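Engineer: My questions will all concern the structure given below.
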Amino acid sequence: MSSTPDNSNDLFTQKTNPELLYFLQHPDLYHEAVVTAARQELHRRGVATSAHLSDTESYITDDYENEPVERRWLAPSIGVALLVVGCLVYTQFHKPAPAFAVVPKVTTELKSVELNVLPTFEVETAAQLKTEPSLLPPSERTDKKPLGKYLILSGRFWKAEKQAEFLANQVAIAKIDSTFPGKTALVYDQWRELTRVLVYNHNLRPVMQQRVNLMHDIANRRMQSLQEMRENYSLGRPPMDGEVLKTLAPVEDMLYELRGGKQPTRHIDMTAAR
């Protein structure tokens, strides 16, 4: 099939580049003059042509071929640059994580520790206070104000005394540790607070005051013995030495009297510490 050539230039100037290229891609369908005119029009437009363009080739190929020589390196260079950047990014985000040294788990061994604390003897002190009015003459039990003051002083005394007895008993059976100096200081402070109060006149009844005087004497002896035992311990000597025993010697009889002639609940054998 052939087509008659059209000598009018308007025929080709009105056609698009793809239409003109179609004439060149199918020369067997058109007159030779038509193909030549289409090529000339494309050349006039600055579009390069090829005598053997195939159906699968794209018009963009001609645009690339028409690029100046000095600009044809730009696209490959950009592509190479993008490739390098892509490799760097991939390496950064996909590099293997650094190996961390595995720290062996330390097994904590739980050891049982014997708690060597100083009892407060609250219950025992309360029980002792209940017996105090019965140790007073009937005439002194009815005077509520002096009795109240006396019971307060007695409560402080028996609490400190029971702790002092406990500590002395621990020394006698050699059951003390590094907490011993702290315990002696604690009991000493309780005795000192009591003696500071006992120096005042509390307007007690005679028997009450007599018993308080015994308490004061015992407090002074306990304080002196605690100081001596703490000093001996710090020097590496047995806490309960001859001087301590001499200081505490009268205490047992005074406590016997304060308890109304009754033996103490726990008798401290001072000879065991000699």
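Chain labels follow the order of the structure tokens: the first chain is A, the next B, and so on; residue numbering restarts at 1 in every chain, and ligands are counted from 1 in their shown order.
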Using only C-alpha atoms, find each residue of region 122-220 of chain A with at least one atom at most 12 Å away from an atom of region 241-246 of chain A; report its shortest atom-to-atom pair and that distance in Å (one decimal), sort the rows by chain and rising residue number, and return the result as CSV.
Structural biologist:
```
residue,atom,partner,partner_atom,distance
A:Ala168,CA,A:Val244,CA,10.3
A:Val171,CA,A:Asp241,CA,10.5
A:Ala172,CA,A:Asp241,CA,10.5
```
Engineer: Could you give me, as a PyMOL selection string, the residues within 10 Å of region 124-130 of chain A, counting only C-alpha atoms and dropping anything in the same chain fewer than 6 positions from it?
Structural biologist: chain A and resi 151-152+154-162+259
Engineer: Taking 3 positions as the minimum chain separation for residues in the same chain, which residues sit within 12 Å of Asp177 (chain A) when counting only C-alpha atoms? Answer as a compact mmCIF listing (two decimals) with all heavy atoms, in the first residue's frame.
Structural biologist:
```
# COMPACT_ATOMS: atom_id res chain seq x y z
N GLU A 114 22.73 -13.61 112.84
CA GLU A 114 22.03 -13.57 114.11
C GLU A 114 21.86 -12.12 114.56
O GLU A 114 22.82 -11.35 114.62
CB GLU A 114 22.83 -14.33 115.18
CG GLU A 114 22.12 -14.37 116.53
CD GLU A 114 22.93 -15.12 117.57
OE1 GLU A 114 24.02 -15.61 117.22
OE2 GLU A 114 22.48 -15.19 118.72
N LEU A 115 20.63 -11.74 114.81
CA LEU A 115 20.34 -10.38 115.23
C LEU A 115 20.58 -10.27 116.73
O LEU A 115 19.86 -10.85 117.53
CB LEU A 115 18.89 -10.01 114.89
CG LEU A 115 18.55 -9.98 113.39
CD1 LEU A 115 17.09 -9.64 113.20
CD2 LEU A 115 19.44 -8.99 112.65
N ASN A 116 21.60 -9.51 117.09
CA ASN A 116 21.95 -9.33 118.49
C ASN A 116 21.54 -7.92 118.90
O ASN A 116 22.32 -6.98 118.85
CB ASN A 116 23.46 -9.53 118.69
CG ASN A 116 23.84 -9.57 120.16
OD1 ASN A 116 22.98 -9.54 121.03
ND2 ASN A 116 25.13 -9.65 120.41
N VAL A 117 20.28 -7.77 119.24
CA VAL A 117 19.74 -6.46 119.57
C VAL A 117 19.48 -6.38 121.07
O VAL A 117 19.40 -7.39 121.77
CB VAL A 117 18.44 -6.18 118.79
CG1 VAL A 117 18.71 -6.15 117.30
CG2 VAL A 117 17.37 -7.23 119.11
N LEU A 167 22.55 -6.79 129.65
CA LEU A 167 23.88 -6.57 129.08
C LEU A 167 24.96 -7.21 129.95
O LEU A 167 25.90 -7.82 129.44
CB LEU A 167 24.12 -5.06 128.94
CG LEU A 167 25.24 -4.64 127.98
CD1 LEU A 167 24.99 -5.19 126.58
CD2 LEU A 167 25.34 -3.12 127.93
N GLN A 170 24.98 -10.86 129.33
CA GLN A 170 25.63 -11.20 128.06
C GLN A 170 27.15 -11.22 128.22
O GLN A 170 27.83 -12.07 127.64
CB GLN A 170 25.23 -10.17 126.99
CG GLN A 170 23.76 -10.19 126.61
CD GLN A 170 23.40 -11.44 125.83
OE1 GLN A 170 23.90 -11.67 124.72
NE2 GLN A 170 22.54 -12.26 126.39
N VAL A 171 27.66 -10.29 129.01
CA VAL A 171 29.11 -10.27 129.27
C VAL A 171 29.53 -11.50 130.05
O VAL A 171 30.55 -12.13 129.78
CB VAL A 171 29.50 -8.98 130.02
CG1 VAL A 171 30.97 -9.04 130.44
CG2 VAL A 171 29.24 -7.76 129.16
N ALA A 174 29.82 -14.45 127.93
CA ALA A 174 30.69 -14.22 126.76
C ALA A 174 29.92 -14.24 125.45
O ALA A 174 30.33 -14.87 124.46
CB ALA A 174 31.82 -15.25 126.72
N PHE A 180 28.62 -4.24 121.12
CA PHE A 180 28.66 -4.03 122.57
C PHE A 180 28.90 -2.57 122.98
O PHE A 180 28.19 -2.05 123.85
CB PHE A 180 29.73 -4.94 123.19
CG PHE A 180 29.87 -4.79 124.67
CD1 PHE A 180 28.91 -5.29 125.54
CD2 PHE A 180 30.97 -4.13 125.22
CE1 PHE A 180 29.04 -5.15 126.92
CE2 PHE A 180 31.11 -3.99 126.59
CZ PHE A 180 30.14 -4.50 127.44
N PRO A 181 29.87 -1.85 122.38
CA PRO A 181 30.07 -0.45 122.78
C PRO A 181 28.83 0.41 122.55
O PRO A 181 28.50 1.28 123.37
CB PRO A 181 31.24 0.00 121.90
CG PRO A 181 31.98 -1.25 121.57
CD PRO A 181 30.92 -2.30 121.44
N GLY A 182 28.14 0.18 121.43
CA GLY A 182 26.93 0.95 121.16
C GLY A 182 25.83 0.67 122.16
O GLY A 182 25.09 1.58 122.57
N LYS A 183 25.72 -0.58 122.59
CA LYS A 183 24.69 -0.95 123.56
C LYS A 183 24.99 -0.34 124.93
O LYS A 183 24.10 0.14 125.63
CB LYS A 183 24.58 -2.46 123.67
CG LYS A 183 24.03 -3.11 122.41
CD LYS A 183 24.06 -4.62 122.53
CE LYS A 183 23.54 -5.28 121.26
NZ LYS A 183 23.62 -6.75 121.33
N THR A 184 26.26 -0.36 125.31
CA THR A 184 26.62 0.23 126.60
C THR A 184 26.33 1.73 126.59
O THR A 184 25.88 2.29 127.60
CB THR A 184 28.09 -0.01 126.90
OG1 THR A 184 28.90 0.51 125.84
CG2 THR A 184 28.38 -1.49 127.05
N ARG A 230 33.03 -0.73 128.80
CA ARG A 230 33.27 -0.26 127.44
C ARG A 230 34.76 0.04 127.21
O ARG A 230 35.29 -0.28 126.15
CB ARG A 230 32.43 0.99 127.17
CG ARG A 230 32.57 1.53 125.74
CD ARG A 230 31.50 2.54 125.41
NE ARG A 230 31.45 3.61 126.39
CZ ARG A 230 30.56 4.60 126.35
NH1 ARG A 230 29.62 4.62 125.41
NH2 ARG A 230 30.57 5.55 127.27
N TYR A 233 36.64 -3.27 126.89
CA TYR A 233 36.39 -3.89 125.59
C TYR A 233 37.22 -3.22 124.50
O TYR A 233 37.79 -3.91 123.61
CB TYR A 233 34.90 -3.80 125.25
CG TYR A 233 34.53 -4.43 123.91
CD1 TYR A 233 34.26 -5.79 123.82
CD2 TYR A 233 34.47 -3.66 122.75
CE1 TYR A 233 33.93 -6.36 122.59
CE2 TYR A 233 34.15 -4.22 121.54
CZ TYR A 233 33.88 -5.57 121.46
OH TYR A 233 33.56 -6.13 120.24
N SER A 234 37.31 -1.90 124.53
CA SER A 234 38.08 -1.18 123.52
C SER A 234 39.56 -1.49 123.60
O SER A 234 40.29 -1.40 122.59
CB SER A 234 37.85 0.34 123.66
OG SER A 234 38.35 0.80 124.91
N PRO A 239 35.55 -7.38 129.50
CA PRO A 239 34.80 -6.23 130.01
C PRO A 239 34.55 -6.29 131.52
O PRO A 239 34.66 -5.28 132.21
CB PRO A 239 33.48 -6.29 129.22
CG PRO A 239 33.82 -7.05 127.99
CD PRO A 239 34.84 -8.06 128.41
```
Engineer: Have a look at A:Tyr150, A:Tyr30, A:Tyr188, A:Phe12 and name the one nearest to Met215 (chain A); count only C-alpha atoms.
Structural biologist: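 Going through A:Tyr150, A:Tyr30, A:Tyr188, A:Phe12 one by one, the smallest distance to Met215 (chain A) is for A:Tyr150.
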Engineer: Can you measure CA of Met240 (chain A) to CA of Ala219 (chain A) for me? One decimal in Å is fine.
Structural biologist: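 That distance, rounded to one decimal, is 17.6 Å.
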Engineer: Which residues come within 12 Å of Thr13 (chain A), counting only C-alpha atoms, excluding same-chain residues fewer than 5 positions away, as a PyMOL selection string?
Structural biologist: chain A and resi 7-8+19-20+37-45
Engineer: Could you save the residues just selected, with C-alpha atoms, as a PDB file, in the first residue's frame?
Structural biologist:
```
ATOM      1  CA  ASN A   7       3.580  18.807  -1.755  1.00  0.00           C
ATOM      2  CA  SER A   8       2.146  21.194   0.790  1.00  0.00           C
ATOM      3  CA  GLU A  19       3.506  11.187  13.710  1.00  0.00           C
ATOM      4  CA  LEU A  20       6.454  12.233  11.578  1.00  0.00           C
ATOM      5  CA  ALA A  37       9.442  15.264   3.676  1.00  0.00           C
ATOM      6  CA  ALA A  38       8.799  13.899   7.197  1.00  0.00           C
ATOM      7  CA  ARG A  39      12.546  13.510   7.752  1.00  0.00           C
ATOM      8  CA  GLN A  40      13.209  17.014   6.557  1.00  0.00           C
ATOM      9  CA  GLU A  41      10.542  18.434   8.867  1.00  0.00           C
ATOM     10  CA  LEU A  42      12.053  16.592  11.793  1.00  0.00           C
ATOM     11  CA  HIS A  43      15.506  17.937  10.912  1.00  0.00           C
ATOM     12  CA  ARG A  44      14.058  21.390  10.695  1.00  0.00           C
ATOM     13  CA  ARG A  45      12.695  20.950  14.223  1.00  0.00           C
TER      14      ARG A  45
END
```
Engineer: When you draw a straight line from CA of Tyr200 (chain A) to CA of Pro146 (chain A), how long is it in Å?
Structural biologist: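 Between these atoms lies a distance of 13.5 Å.
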